[in-house]
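All remarks here apply to the structure that follows.
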Amino acid sequence: MALRASSFKKTFHFRFDARTSRGTMKEKHSWFIRIWDEKNPDSFGIGECGPLPGLSVETDAEEVLGRVVDKINEGQLQLNPNSDLTFVSAFINESFDFLENYPSVIFSIETALLDLSHGGNRTIFKNDFIKGQSIPINGLIWMGGLDFMLQQVEIKIQDGFRCIKLKVGGLDFEKECDILQYIRRKYFRLNIVIRLDANGAFKPDDVLYKLKELSKFDIHSIEQPIKTKSDFLPELCRTSPIKVALDEELIGISKKSQREELLDRIIPPFIILKPTLHGGLQSCAEWIEIAEARKIEWWLTSALESNVGLNAIAQFAANYTLDKPQGLGTGTLYDDNFESPLKMDKGLLIHNPRQEWVINE
């Protein structure tokens with residue numbers, strides 16, 4: 001099929017001020033690429049390019065996505081119907097030689113091409129998830145005042161979540177410990193799994209003390225407790241009383257040999273993969289292969305994408321045997337998200353095949 005493309009920008013607005021250790025967000029910008037067969041313009045694939053300011057390596061993703069659209073519209077690119085991820089990834093590498101440092105752009109093209117290859121109905125992978133099989137997910141608790149965070153915890157647990165993830169490092173440390181103590185005391189019968197995400201907020205000179213204090217609350221794991229590229233990180237992974245999960249540390253590591261060296265040097269218990277930040281879907285598949293060969297566990301997390309990006313990541317996750325909750329609970333963050341078949345129910349992400357997509361620009 002001979003390809004054509006277009007793109008558009010959409011701004012999504014948070015239902016609340018989304019606070020992290022890096023600041024507060026009120027809105028999120030994403031760019032979307034539509035790709036279609038010139039002989040059938042009514043059927044299109046769509047992908048989301050949503051870099052995260054302050055985290056993504058891209059600074060000009062919108063411009064680069066525009067270059068991709070222009071290259072497609074030259075009319076020389078063709079895609080075989082029913083292409084799989086491996087073929088699509090090779091097609092992208094061959095057709096666009098300027099995308100090595102543009103993971104969110106790669107992710108958007110992968111998603112759009114896979115969608116188009118499967119009929120342009122937002123099917124990215126034909127697996128059991130799109131037939132109704134659920135994916136267990138964690139409930140995300142955002143930073144805020146004590147009452148705000150405790151209210152979120154109450155709602156998530158009432159909604160059936162048994163794994164919750166709290167952002168730490170942006171409030172008074174004693175208050176953060178108070179929140180964890182409250183959870184353990186009130187819900188001690190429910191065996192709630194607690195994950196923490198510090199976004200690199202702790203300092204090397206006090207991180208072990210803080211992790212020891214946090215470990216009193218039976219914490220499953222903590223994401224990126226200190227800043228990236230720290231020489232102390234390998235030792236921290238060996239000595240931490242809480243299992244460390246690498247996230248930001250993986251950003252910008254694009255070659256397989258570099259990925260192998262990083263995991264061999266640091267030896268983290270967990271890695272957390274975000275296609276928007278970590279090179280796209282095929283790139284995350286490579287990270288998974290490398291990690292599993294070293295018996296390093298992993299899970300996938302969305303990175304504030306709209307339902308378009310979340311849908312692609314969820315379907316990708318469903319290609320694997322999932323033995324722990326995934327970080328895919330971001331579909332209700334925005335007041336103006338796309339209407340989609342994605343629903344959360346009792347700590348599960350579900351695809352309802354009877355629900356239609358509404359893609360409004």
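Ordering of the structure tokens sets the chain letters (A, B, ...), residue numbers begin anew at 1 in every chain, and ligands are numbered from 1 in the order given.
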Please report, as JSON lines, each residue of segment 114-199 of chain A lying at most 12 Å from segment 87-106 of chain A, together with the nearest pair of atoms and the separation in Å rounded to one decimal; use only C-alpha atoms, and order rows by chain and ascending residue number.
{"residue": "A:Leu114", "atom": "CA", "partner": "A:Val88", "partner_atom": "CA", "distance": 7.2}
{"residue": "A:Asp115", "atom": "CA", "partner": "A:Val88", "partner_atom": "CA", "distance": 10.9}
{"residue": "A:Leu116", "atom": "CA", "partner": "A:Val88", "partner_atom": "CA", "distance": 11.0}
{"residue": "A:Ser117", "atom": "CA", "partner": "A:Val88", "partner_atom": "CA", "distance": 9.5}
{"residue": "A:Ile124", "atom": "CA", "partner": "A:Val88", "partner_atom": "CA", "distance": 11.5}
If we count only C-alpha atoms, what is near segment 340-354 of chain A at a cut-off of 6 Å, once residues fewer than 4 positions away on the same chain are taken out, given as a ChimeraX atom specification?
/A:130,132,134-137,159-161
Would you save the residues from that selection as a CSV table (one decimal), in the first residue's frame, using C-alpha atoms?
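Saved file result05.csv follows:
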chain,number,residue,atom,x,y,z
A,130,ILE,CA,-8.7,-6.8,22.6
A,132,GLY,CA,-11.7,-8.7,26.7
A,134,SER,CA,-7.9,-7.8,31.6
A,135,ILE,CA,-4.5,-6.5,32.7
A,136,PRO,CA,-3.8,-6.0,36.4
A,137,ILE,CA,-2.6,-2.4,37.0
A,159,ASP,CA,-12.2,0.9,43.5
A,160,GLY,CA,-10.5,-2.5,44.0
A,161,PHE,CA,-6.8,-1.7,43.6
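Atom CA of Leu113 of chain A is found 9.7 Å from atom CA of Asn82 of chain A.
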Helix (DSSP H, G or I) call set, DSSP backbone run, segment 154-275 of chain A, as a ChimeraX atom specification:
/A:154-158,173-186,207-215,233-239,248-250,256-266
Could you write out that same residue set with C-alpha atoms as a PDB file, in the first residue's frame?
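Writing the result to result-v3.pdb gives the following:
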ATOM      1  CA  GLU A 154      -9.156   5.619  49.921  1.00  0.00           C
ATOM      2  CA  ILE A 155     -10.657   5.918  46.425  1.00  0.00           C
ATOM      3  CA  LYS A 156      -8.173   3.544  44.807  1.00  0.00           C
ATOM      4  CA  ILE A 157      -8.654   0.859  47.424  1.00  0.00           C
ATOM      5  CA  GLN A 158     -12.441   1.241  47.332  1.00  0.00           C
ATOM      6  CA  PHE A 173       9.735  13.085  54.405  1.00  0.00           C
ATOM      7  CA  GLU A 174       8.034  12.571  57.772  1.00  0.00           C
ATOM      8  CA  LYS A 175       4.649  13.285  56.205  1.00  0.00           C
ATOM      9  CA  GLU A 176       5.334  10.746  53.488  1.00  0.00           C
ATOM     10  CA  CYS A 177       6.117   8.174  56.159  1.00  0.00           C
ATOM     11  CA  ASP A 178       2.895   9.119  57.956  1.00  0.00           C
ATOM     12  CA  ILE A 179       0.919   8.358  54.801  1.00  0.00           C
ATOM     13  CA  LEU A 180       2.527   4.946  54.462  1.00  0.00           C
ATOM     14  CA  GLN A 181       1.947   4.171  58.129  1.00  0.00           C
ATOM     15  CA  TYR A 182      -1.716   5.142  57.752  1.00  0.00           C
ATOM     16  CA  ILE A 183      -2.119   2.781  54.779  1.00  0.00           C
ATOM     17  CA  ARG A 184      -0.527  -0.126  56.609  1.00  0.00           C
ATOM     18  CA  ARG A 185      -2.574   0.394  59.759  1.00  0.00           C
ATOM     19  CA  LYS A 186      -5.947   0.935  58.098  1.00  0.00           C
ATOM     20  CA  VAL A 207      19.202   7.850  50.517  1.00  0.00           C
ATOM     21  CA  LEU A 208      20.070   4.730  52.532  1.00  0.00           C
ATOM     22  CA  TYR A 209      18.688   6.255  55.713  1.00  0.00           C
ATOM     23  CA  LYS A 210      15.443   7.178  53.931  1.00  0.00           C
ATOM     24  CA  LEU A 211      15.120   3.787  52.279  1.00  0.00           C
ATOM     25  CA  LYS A 212      15.638   2.093  55.650  1.00  0.00           C
ATOM     26  CA  GLU A 213      12.868   4.201  57.164  1.00  0.00           C
ATOM     27  CA  LEU A 214      10.561   3.517  54.203  1.00  0.00           C
ATOM     28  CA  SER A 215      11.276  -0.207  54.337  1.00  0.00           C
ATOM     29  CA  LEU A 233      23.705   3.453  41.916  1.00  0.00           C
ATOM     30  CA  PRO A 234      25.272  -0.037  41.550  1.00  0.00           C
ATOM     31  CA  GLU A 235      26.124  -0.101  45.263  1.00  0.00           C
ATOM     32  CA  LEU A 236      22.665   1.207  46.121  1.00  0.00           C
ATOM     33  CA  CYS A 237      21.039  -1.619  44.169  1.00  0.00           C
ATOM     34  CA  ARG A 238      23.136  -4.115  46.161  1.00  0.00           C
ATOM     35  CA  THR A 239      22.572  -2.606  49.611  1.00  0.00           C
ATOM     36  CA  GLU A 248      14.935   7.387  33.987  1.00  0.00           C
ATOM     37  CA  GLU A 249      18.297   5.582  33.988  1.00  0.00           C
ATOM     38  CA  LEU A 250      17.278   3.795  30.771  1.00  0.00           C
ATOM     39  CA  LYS A 256      21.900  -3.188  22.548  1.00  0.00           C
ATOM     40  CA  SER A 257      25.500  -3.381  23.734  1.00  0.00           C
ATOM     41  CA  GLN A 258      25.004  -0.255  25.878  1.00  0.00           C
ATOM     42  CA  ARG A 259      21.860  -1.715  27.398  1.00  0.00           C
ATOM     43  CA  GLU A 260      23.616  -4.956  28.234  1.00  0.00           C
ATOM     44  CA  GLU A 261      26.530  -3.063  29.783  1.00  0.00           C
ATOM     45  CA  LEU A 262      24.214  -0.904  31.885  1.00  0.00           C
ATOM     46  CA  LEU A 263      22.259  -3.844  33.318  1.00  0.00           C
ATOM     47  CA  ASP A 264      25.427  -5.876  33.889  1.00  0.00           C
ATOM     48  CA  ARG A 265      27.033  -2.978  35.742  1.00  0.00           C
ATOM     49  CA  ILE A 266      24.117  -1.870  37.914  1.00  0.00           C
TER      50      ILE A 266
END
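Among the candidate residues A:Ile242, A:Leu52, A:Val57, A:Ala201, the one lying nearest to Ser302 of chain A is A:Leu52, with distances computed using only C-alpha atoms.
Counting only C-alpha atoms, the residue from A:Gly66, A:Gly327, A:Gly45, A:Pro51 that sits nearest to Asn121 of chain A is A:Gly45.
In terms of minimum interatomic distance to Leu310 of chain A, A:Cys49 ranks closest within A:Val68, A:Cys49, A:Leu55, A:Met25, counting only C-alpha atoms.
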Segment 282-288 of chain A surroundings by only C-alpha atoms, 8 Å radius, close-in-sequence under 5 positions cut, as a PyMOL selection string
chain A and resi 85-86+89+254+256+259+273-275+298
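Take the candidates A:Ala112, A:Ile219, A:Leu65, A:Leu277 and check each one against Ser43 of chain A using only C-alpha atoms; the shortest distance goes to A:Ala112.
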So that I can check the surroundings of Leu333 of chain A, please list as a PyMOL selection string every protein, DNA and RNA residue that reaches within 8 Å of it, counting only C-alpha atoms and ignoring chain neighbours fewer than 3 positions away.
chain A and resi 14-15+330
Same residues, C-alpha atoms, output as a compact mmCIF listing (two decimals), in the first residue's frame:
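Final file, out01.txt:
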# COMPACT_ATOMS: atom_id res chain seq x y z
CA PHE A 14 -5.50 17.23 34.06
CA ARG A 15 -8.46 16.76 36.37
CA THR A 330 -3.46 6.81 33.56
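Counting only C-alpha atoms and comparing A:Ala18, A:Ile46, A:Ile222, A:Leu77, the residue that lies closest to Arg4 of chain A is A:Leu77.
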Can you tell me, as an MDAnalysis selection string, which residues in segment 31-220 of chain A count as strand (DSSP E or B) by DSSP?
chainID A and resid 31:37 40:49 78 135:137 139:141 143 163:167 193:197 202 219:220
Mind dumping the selected residues with N, CA, C and O atoms as a compact mmCIF listing (two decimals), in the first residue's frame?
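Now in again19.txt:
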# COMPACT_ATOMS: atom_id res chain seq x y z
N TRP A 31 1.24 15.11 20.08
CA TRP A 31 1.07 15.24 18.64
C TRP A 31 0.71 13.87 18.10
O TRP A 31 1.24 12.85 18.55
N PHE A 32 -0.19 13.84 17.13
CA PHE A 32 -0.70 12.58 16.61
C PHE A 32 -0.43 12.50 15.11
O PHE A 32 -0.59 13.48 14.39
N ILE A 33 0.00 11.32 14.68
CA ILE A 33 0.20 11.08 13.26
C ILE A 33 -0.86 10.11 12.76
O ILE A 33 -1.12 9.08 13.40
N ARG A 34 -1.50 10.49 11.67
CA ARG A 34 -2.42 9.58 10.97
C ARG A 34 -1.72 9.07 9.72
O ARG A 34 -1.12 9.86 8.99
N ILE A 35 -1.81 7.79 9.46
CA ILE A 35 -1.23 7.20 8.26
C ILE A 35 -2.30 6.34 7.59
O ILE A 35 -3.01 5.59 8.27
N TRP A 36 -2.42 6.48 6.26
CA TRP A 36 -3.42 5.72 5.53
C TRP A 36 -2.90 5.31 4.15
O TRP A 36 -1.88 5.82 3.68
N ASP A 37 -3.58 4.37 3.54
CA ASP A 37 -3.32 3.96 2.17
C ASP A 37 -3.99 4.98 1.25
O ASP A 37 -5.18 5.29 1.42
N ASN A 40 -7.35 4.23 0.10
CA ASN A 40 -8.43 4.05 1.07
C ASN A 40 -8.26 5.06 2.21
O ASN A 40 -7.95 4.68 3.35
N PRO A 41 -8.47 6.35 1.95
CA PRO A 41 -8.19 7.38 2.96
C PRO A 41 -9.12 7.36 4.16
O PRO A 41 -8.82 7.97 5.19
N ASP A 42 -10.23 6.66 4.07
CA ASP A 42 -11.16 6.63 5.20
C ASP A 42 -10.70 5.70 6.32
O ASP A 42 -11.22 5.77 7.44
N SER A 43 -9.77 4.80 6.03
CA SER A 43 -9.24 3.89 7.04
C SER A 43 -7.82 4.31 7.37
O SER A 43 -6.95 4.31 6.50
N PHE A 44 -7.57 4.67 8.61
CA PHE A 44 -6.26 5.19 8.98
C PHE A 44 -5.77 4.56 10.28
O PHE A 44 -6.56 4.13 11.12
N GLY A 45 -4.45 4.53 10.41
CA GLY A 45 -3.84 4.20 11.68
C GLY A 45 -3.41 5.48 12.37
O GLY A 45 -3.09 6.47 11.71
N ILE A 46 -3.42 5.48 13.70
CA ILE A 46 -3.06 6.69 14.45
C ILE A 46 -2.07 6.34 15.56
O ILE A 46 -2.17 5.28 16.18
N GLY A 47 -1.10 7.22 15.76
CA GLY A 47 -0.12 7.02 16.81
C GLY A 47 0.14 8.32 17.54
O GLY A 47 -0.01 9.41 16.98
N GLU A 48 0.54 8.21 18.80
CA GLU A 48 0.74 9.38 19.67
C GLU A 48 2.21 9.64 19.95
O GLU A 48 2.95 8.74 20.36
N CYS A 49 2.59 10.88 19.73
CA CYS A 49 3.93 11.36 20.07
C CYS A 49 3.77 12.34 21.23
O CYS A 49 3.33 13.48 21.03
N GLN A 78 5.91 2.43 0.82
CA GLN A 78 4.83 1.46 0.78
C GLN A 78 5.01 0.46 1.91
O GLN A 78 6.13 0.13 2.30
N ILE A 135 -5.91 -6.69 32.22
CA ILE A 135 -4.52 -6.53 32.66
C ILE A 135 -4.53 -5.94 34.06
O ILE A 135 -5.12 -4.86 34.27
N PRO A 136 -3.91 -6.59 35.05
CA PRO A 136 -3.83 -5.98 36.39
C PRO A 136 -2.93 -4.76 36.35
O PRO A 136 -1.88 -4.76 35.72
N ILE A 137 -3.35 -3.69 37.02
CA ILE A 137 -2.60 -2.44 37.01
C ILE A 137 -2.48 -1.88 38.42
O ILE A 137 -3.25 -2.26 39.32
N GLY A 139 -2.65 1.42 41.04
CA GLY A 139 -3.34 2.70 41.15
C GLY A 139 -2.34 3.78 41.52
O GLY A 139 -1.59 3.64 42.48
N LEU A 140 -2.30 4.85 40.74
CA LEU A 140 -1.32 5.90 40.92
C LEU A 140 -1.83 6.96 41.89
O LEU A 140 -2.91 7.52 41.70
N ILE A 141 -1.02 7.24 42.94
CA ILE A 141 -1.35 8.26 43.93
C ILE A 141 -0.43 9.46 43.70
O ILE A 141 0.79 9.34 43.81
N MET A 143 1.23 13.28 44.25
CA MET A 143 1.65 14.13 45.36
C MET A 143 0.62 15.22 45.63
O MET A 143 -0.09 15.67 44.73
N CYS A 163 -2.70 -2.89 44.42
CA CYS A 163 -1.32 -2.42 44.22
C CYS A 163 -1.40 -0.93 43.94
O CYS A 163 -2.09 -0.50 43.00
N ILE A 164 -0.75 -0.13 44.77
CA ILE A 164 -0.77 1.31 44.57
C ILE A 164 0.66 1.84 44.48
O ILE A 164 1.59 1.26 45.04
N LYS A 165 0.79 2.92 43.76
CA LYS A 165 2.10 3.54 43.56
C LYS A 165 2.02 4.99 44.02
O LYS A 165 1.15 5.74 43.58
N LEU A 166 2.93 5.36 44.92
CA LEU A 166 2.95 6.71 45.46
C LEU A 166 4.22 7.43 45.03
O LEU A 166 5.32 6.86 45.05
N LYS A 167 4.06 8.68 44.64
CA LYS A 167 5.20 9.54 44.38
C LYS A 167 5.74 10.04 45.71
O LYS A 167 4.99 10.49 46.58
N VAL A 193 -0.07 -4.01 48.02
CA VAL A 193 1.29 -3.88 47.51
C VAL A 193 1.56 -2.40 47.28
O VAL A 193 0.77 -1.71 46.62
N ILE A 194 2.66 -1.89 47.85
CA ILE A 194 2.99 -0.48 47.73
C ILE A 194 4.28 -0.31 46.93
O ILE A 194 5.32 -0.86 47.29
N ARG A 195 4.17 0.42 45.85
CA ARG A 195 5.34 0.83 45.08
C ARG A 195 5.56 2.32 45.29
O ARG A 195 4.60 3.09 45.43
N LEU A 196 6.82 2.72 45.28
CA LEU A 196 7.17 4.13 45.43
C LEU A 196 7.94 4.59 44.20
O LEU A 196 8.64 3.81 43.55
N ASP A 197 7.81 5.88 43.90
CA ASP A 197 8.56 6.49 42.79
C ASP A 197 9.13 7.80 43.28
O ASP A 197 8.40 8.73 43.59
N PHE A 202 16.01 11.72 45.99
CA PHE A 202 16.83 11.55 47.18
C PHE A 202 18.31 11.81 46.87
O PHE A 202 18.77 11.63 45.75
N ILE A 219 7.61 -2.13 51.63
CA ILE A 219 7.53 -1.54 50.29
C ILE A 219 8.01 -2.55 49.24
O ILE A 219 9.06 -3.16 49.39
N HIS A 220 7.25 -2.69 48.18
CA HIS A 220 7.61 -3.63 47.11
C HIS A 220 8.85 -3.18 46.35
O HIS A 220 9.75 -3.97 46.09
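Atom to atom, atom CA of Asp147 of chain A and atom CA of Ala245 of chain A stand 27.8 Å apart.
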